[in-house]
Amino acid sequence: MSLLLTMAPEESPSNVLSYILIAQDFLGVNYNSPALAAPPHLANTSTSTMSSTTSKALDAAKSSSQQAKNTLKTMTEETSTTTSSLLHHPYVRPALPFVNGGLAGMTATTVIQPVDMIKVRLQLAGEGARNSARPTPLAVLRDIVAQGKVYDLYTGLSAGLLRQAVYTTARLGFFDTFMNTLKVRAETNGTQIGFKERAGAGLTAGGLAAMVGNPADLALIRMQSDGLKPVAQRANYTSVIDALSRIAKAEGVTALWAGAYPTVVRAMALNFGQLAFFSEAKNQLKSQTQLSSQTQTMTASAIAGFFASFFSLPFDFVKTRLQKQQKAPDGSLPYKGMADCFRKVAKDEGVLRFYRGFGTYYIRIAPHAMVTLIVADWLGFITK
């Protein structure tokens, strides 16, 4: 005990006595033991004085804690106000649908890229032959892995991300902008937005975005189809920038818009199926069912994915063929354009060839649509 007192010579009598009592209680000893009697200079310290000191200390601690909580709350409110003010800035607000759309599309592409790689290889297999062997998605997957590494499934990811940064940013941004304009007009006229208006918004947004995103789309197809060529003829593009620069240098800048017509038609068909049917399905589920908001979004995006696949696959098939083709030594091309490609494929390979790989395409489109629309919905919710 003398050691305890020696270690705290500057402590007040009440505090020292508190230490003694705590130690006694911890050790479970007899408080009335003469050996543990308080020193003479502490004997007259009253219990009331100790209680008063303890009470003041607790009050001070509570006061400090409350001040810290108030300060933290003030900082949080100020941060929230600043963020809200930034999001509602006149220059920021119109750009949010485009930013959210781009981020959503890039997230979905990162997840779906291996499926897209298999889809492209299926569409290019047996080109020009009606009775060629029909590969399965699993067979294509095995071939890709056998020729290199699993990472080869992500060949062209940089081009895919650039495409989404341009194409999906534009199409979802345009669609949301068109829908907001239609919503304001409908509220002014006291009417409801119909399927016709949603379809028109989806078609227009898809067509405009496809023209802007065609170069990145072409680079993606070239990078993904490069592995089908003999080793000596492969371009071995290192990135989307390398692909774009080499294609422009070797074939001319206009070559970056090869297949633009079917790309635009395909985008319009896909957006008609995806955005129009998603918006309509979600509206119907909201009014006709008691499903949660998350379930409505998931169900509507699955429905939209099916119709997007059905309407756009033939155009996607032709787009892939046109963007993959390169000039022969004599300067000729396998296909003169979209109509010529449709005619030759139907004649030489059969009409059903346009729907080859529908299952794979749906697996690529539906999850991509679901991830894109769910992420876009979530980003729209937190930035509204």
# chains A, B, ... in the order shown; residues from 1 in each chain; ligands from 1
$ closest_atom_pairs --of "range 130-168 of chain A" --to "range 235-239 of chain A" --cutoff "9 Å" --atoms "only C-alpha atoms" --output "Markdown table"
| residue | atom | partner | partner_atom | distance |
| --- | --- | --- | --- | --- |
| A:Gly156 | CA | A:Ser239 | CA | 7.4 |
| A:Leu157 | CA | A:Ser239 | CA | 8.7 |
| A:Ser158 | CA | A:Ser239 | CA | 6.4 |
| A:Ala159 | CA | A:Ser239 | CA | 7.3 |
$ closest_atom_pairs --of "range 95-115 of chain A" --to "range 191-209 of chain A" --cutoff "12 Å" --atoms "only C-alpha atoms" --output "tab-separated table"
residue	atom	partner	partner_atom	distance
A:Phe98	CA	A:Ala209	CA	11.2
A:Gly101	CA	A:Ala209	CA	11.8
A:Gly102	CA	A:Ala209	CA	11.6
$ select_by_dssp --residues "range 62-266 of chain A" --states "alpha helix (DSSP H)" --output "ChimeraX atom specification"
/A:62-87,96-124,137-147,157-163,169-189,195-225,240-251,260-266
$ residues_around --residues "Asp217 in chain A" --least-positions-apart "6" --cutoff "9 Å" --atoms "only C-alpha atoms" --output "list in words"
Ala159, Gly160, Leu162, Arg163, Tyr167, Ala210, Leu256, Thr263 and Gln323 of chain A
$ residues_around --residues "range 332-334 of chain A" --least-positions-apart "3" --cutoff "10 Å" --atoms "only C-alpha atoms" --output "mmCIF file with all heavy atoms, in the first residue's frame"
data_model
loop_
_atom_site.group_PDB
_atom_site.id
_atom_site.type_symbol
_atom_site.label_atom_id
_atom_site.label_comp_id
_atom_site.auth_asym_id
_atom_site.auth_seq_id
_atom_site.Cartn_x
_atom_site.Cartn_y
_atom_site.Cartn_z
ATOM 1 N N GLY A 128 -19.444 -19.429 -93.987
ATOM 2 C CA GLY A 128 -19.500 -19.754 -95.401
ATOM 3 C C GLY A 128 -19.873 -21.190 -95.701
ATOM 4 O O GLY A 128 -19.939 -21.589 -96.871
ATOM 5 N N ARG A 321 -20.025 -10.375 -88.372
ATOM 6 C CA ARG A 321 -19.425 -10.813 -89.632
ATOM 7 C C ARG A 321 -18.799 -9.624 -90.383
ATOM 8 O O ARG A 321 -17.695 -9.719 -90.914
ATOM 9 C CB ARG A 321 -20.476 -11.488 -90.514
ATOM 10 C CG ARG A 321 -20.928 -12.867 -90.016
ATOM 11 C CD ARG A 321 -19.851 -13.919 -90.244
ATOM 12 N NE ARG A 321 -20.240 -15.240 -89.778
ATOM 13 C CZ ARG A 321 -20.835 -16.160 -90.533
ATOM 14 N NH1 ARG A 321 -21.160 -15.880 -91.789
ATOM 15 N NH2 ARG A 321 -21.109 -17.348 -90.036
ATOM 16 N N LEU A 322 -19.504 -8.504 -90.442
ATOM 17 C CA LEU A 322 -19.003 -7.348 -91.178
ATOM 18 C C LEU A 322 -17.798 -6.712 -90.504
ATOM 19 O O LEU A 322 -16.869 -6.240 -91.178
ATOM 20 C CB LEU A 322 -20.113 -6.302 -91.338
ATOM 21 C CG LEU A 322 -21.271 -6.668 -92.269
ATOM 22 C CD1 LEU A 322 -22.337 -5.583 -92.246
ATOM 23 C CD2 LEU A 322 -20.776 -6.888 -93.688
ATOM 24 N N GLN A 325 -14.562 -8.966 -91.010
ATOM 25 C CA GLN A 325 -13.988 -9.133 -92.340
ATOM 26 C C GLN A 325 -12.876 -8.115 -92.613
ATOM 27 O O GLN A 325 -12.914 -6.968 -92.139
ATOM 28 C CB GLN A 325 -15.078 -9.013 -93.405
ATOM 29 C CG GLN A 325 -15.665 -7.619 -93.576
ATOM 30 C CD GLN A 325 -16.665 -7.567 -94.708
ATOM 31 O OE1 GLN A 325 -16.805 -8.470 -95.508
ATOM 32 N NE2 GLN A 325 -17.376 -6.444 -94.804
ATOM 33 N N GLN A 326 -11.879 -8.554 -93.370
ATOM 34 C CA GLN A 326 -10.783 -7.699 -93.799
ATOM 35 C C GLN A 326 -10.549 -7.909 -95.300
ATOM 36 O O GLN A 326 -10.906 -8.966 -95.856
ATOM 37 C CB GLN A 326 -9.510 -8.011 -93.013
ATOM 38 C CG GLN A 326 -9.603 -7.615 -91.539
ATOM 39 C CD GLN A 326 -8.344 -7.981 -90.772
ATOM 40 O OE1 GLN A 326 -8.229 -9.087 -90.254
ATOM 41 N NE2 GLN A 326 -7.403 -7.064 -90.697
ATOM 42 N N LYS A 327 -9.954 -6.929 -95.933
ATOM 43 C CA LYS A 327 -9.759 -6.995 -97.376
ATOM 44 C C LYS A 327 -8.800 -8.117 -97.763
ATOM 45 O O LYS A 327 -7.789 -8.349 -97.101
ATOM 46 C CB LYS A 327 -9.226 -5.665 -97.892
ATOM 47 C CG LYS A 327 -10.240 -4.532 -97.841
ATOM 48 C CD LYS A 327 -9.667 -3.248 -98.423
ATOM 49 C CE LYS A 327 -10.713 -2.130 -98.399
ATOM 50 N NZ LYS A 327 -10.180 -0.859 -98.977
ATOM 51 N N ALA A 328 -9.147 -8.800 -98.859
ATOM 52 C CA ALA A 328 -8.265 -9.828 -99.424
ATOM 53 C C ALA A 328 -7.132 -9.137 -100.174
ATOM 54 O O ALA A 328 -7.172 -7.912 -100.397
ATOM 55 C CB ALA A 328 -9.072 -10.732 -100.356
ATOM 56 N N PRO A 329 -6.108 -9.883 -100.587
ATOM 57 C CA PRO A 329 -5.007 -9.274 -101.340
ATOM 58 C C PRO A 329 -5.452 -8.495 -102.579
ATOM 59 O O PRO A 329 -4.823 -7.514 -102.974
ATOM 60 C CB PRO A 329 -4.153 -10.481 -101.723
ATOM 61 C CG PRO A 329 -4.399 -11.464 -100.621
ATOM 62 C CD PRO A 329 -5.839 -11.294 -100.279
ATOM 63 N N GLY A 337 -22.104 -5.372 -97.719
ATOM 64 C CA GLY A 337 -22.861 -4.579 -96.767
ATOM 65 C C GLY A 337 -23.832 -5.460 -96.000
ATOM 66 O O GLY A 337 -23.794 -6.694 -96.102
ATOM 67 N N ASP A 340 -26.202 -7.595 -98.231
ATOM 68 C CA ASP A 340 -25.452 -8.653 -98.904
ATOM 69 C C ASP A 340 -25.084 -9.765 -97.923
ATOM 70 O O ASP A 340 -25.132 -10.957 -98.267
ATOM 71 C CB ASP A 340 -24.188 -8.067 -99.530
ATOM 72 C CG ASP A 340 -23.407 -9.088 -100.350
ATOM 73 O OD1 ASP A 340 -24.019 -9.734 -101.224
ATOM 74 O OD2 ASP A 340 -22.196 -9.255 -100.095
ATOM 75 N N CYS A 341 -24.738 -9.379 -96.702
ATOM 76 C CA CYS A 341 -24.390 -10.368 -95.666
ATOM 77 C C CYS A 341 -25.614 -11.213 -95.315
ATOM 78 O O CYS A 341 -25.527 -12.444 -95.212
ATOM 79 C CB CYS A 341 -23.845 -9.663 -94.435
ATOM 80 S SG CYS A 341 -23.296 -10.791 -93.130
ATOM 81 N N LYS A 344 -26.237 -13.642 -98.336
ATOM 82 C CA LYS A 344 -25.256 -14.717 -98.480
ATOM 83 C C LYS A 344 -25.342 -15.736 -97.344
ATOM 84 O O LYS A 344 -25.228 -16.943 -97.580
ATOM 85 C CB LYS A 344 -23.847 -14.136 -98.551
ATOM 86 C CG LYS A 344 -23.544 -13.457 -99.884
ATOM 87 C CD LYS A 344 -22.100 -12.961 -99.939
ATOM 88 C CE LYS A 344 -21.791 -12.350 -101.314
ATOM 89 N NZ LYS A 344 -20.401 -11.833 -101.389
#
$ atom_distance --atom1 "CA of Ser309 in chain A" --atom2 "CA of Tyr362 in chain A"
5.6 Å
$ residues_around --residues "Thr297 in chain A" --least-positions-apart "6" --cutoff "9 Å" --atoms "only C-alpha atoms" --output "list in words"
Phe278, Ala281, Lys282, Met370, Leu373, Ile374 and Asp377 of chain A
$ atom_distance --atom1 "CA of Ala267 in chain A" --atom2 "CA of Arg171 in chain A"
9.2 Å
$ decode --residues "range 196-210 of chain A" --atoms "N, CA and C atoms" --output "compact mmCIF listing (two decimals), in the first residue's frame"
# COMPACT_ATOMS: atom_id res chain seq x y z
N LYS A 196 -45.61 3.17 -76.50
CA LYS A 196 -45.13 3.78 -77.74
C LYS A 196 -44.05 4.81 -77.45
N GLU A 197 -44.25 5.62 -76.44
CA GLU A 197 -43.25 6.64 -76.08
C GLU A 197 -41.98 5.98 -75.56
N ARG A 198 -42.13 4.92 -74.75
CA ARG A 198 -40.95 4.22 -74.23
C ARG A 198 -40.16 3.57 -75.37
N ALA A 199 -40.88 2.98 -76.31
CA ALA A 199 -40.22 2.34 -77.45
C ALA A 199 -39.47 3.37 -78.28
N GLY A 200 -40.09 4.52 -78.51
CA GLY A 200 -39.44 5.57 -79.28
C GLY A 200 -38.18 6.08 -78.60
N ALA A 201 -38.25 6.23 -77.28
CA ALA A 201 -37.08 6.69 -76.53
C ALA A 201 -35.95 5.67 -76.60
N GLY A 202 -36.31 4.38 -76.49
CA GLY A 202 -35.30 3.32 -76.54
C GLY A 202 -34.65 3.21 -77.91
N LEU A 203 -35.44 3.28 -78.97
CA LEU A 203 -34.91 3.19 -80.33
C LEU A 203 -33.97 4.36 -80.64
N THR A 204 -34.40 5.56 -80.29
CA THR A 204 -33.59 6.75 -80.58
C THR A 204 -32.29 6.74 -79.79
N ALA A 205 -32.38 6.42 -78.50
CA ALA A 205 -31.19 6.39 -77.66
C ALA A 205 -30.19 5.35 -78.16
N GLY A 206 -30.69 4.18 -78.55
CA GLY A 206 -29.81 3.12 -79.04
C GLY A 206 -29.12 3.50 -80.33
N GLY A 207 -29.86 4.09 -81.27
CA GLY A 207 -29.27 4.47 -82.55
C GLY A 207 -28.20 5.53 -82.41
N LEU A 208 -28.46 6.56 -81.62
CA LEU A 208 -27.47 7.63 -81.42
C LEU A 208 -26.21 7.09 -80.74
N ALA A 209 -26.39 6.27 -79.73
CA ALA A 209 -25.25 5.74 -78.99
C ALA A 209 -24.41 4.80 -79.84
N ALA A 210 -25.05 4.03 -80.71
CA ALA A 210 -24.31 3.06 -81.54
C ALA A 210 -23.36 3.74 -82.49
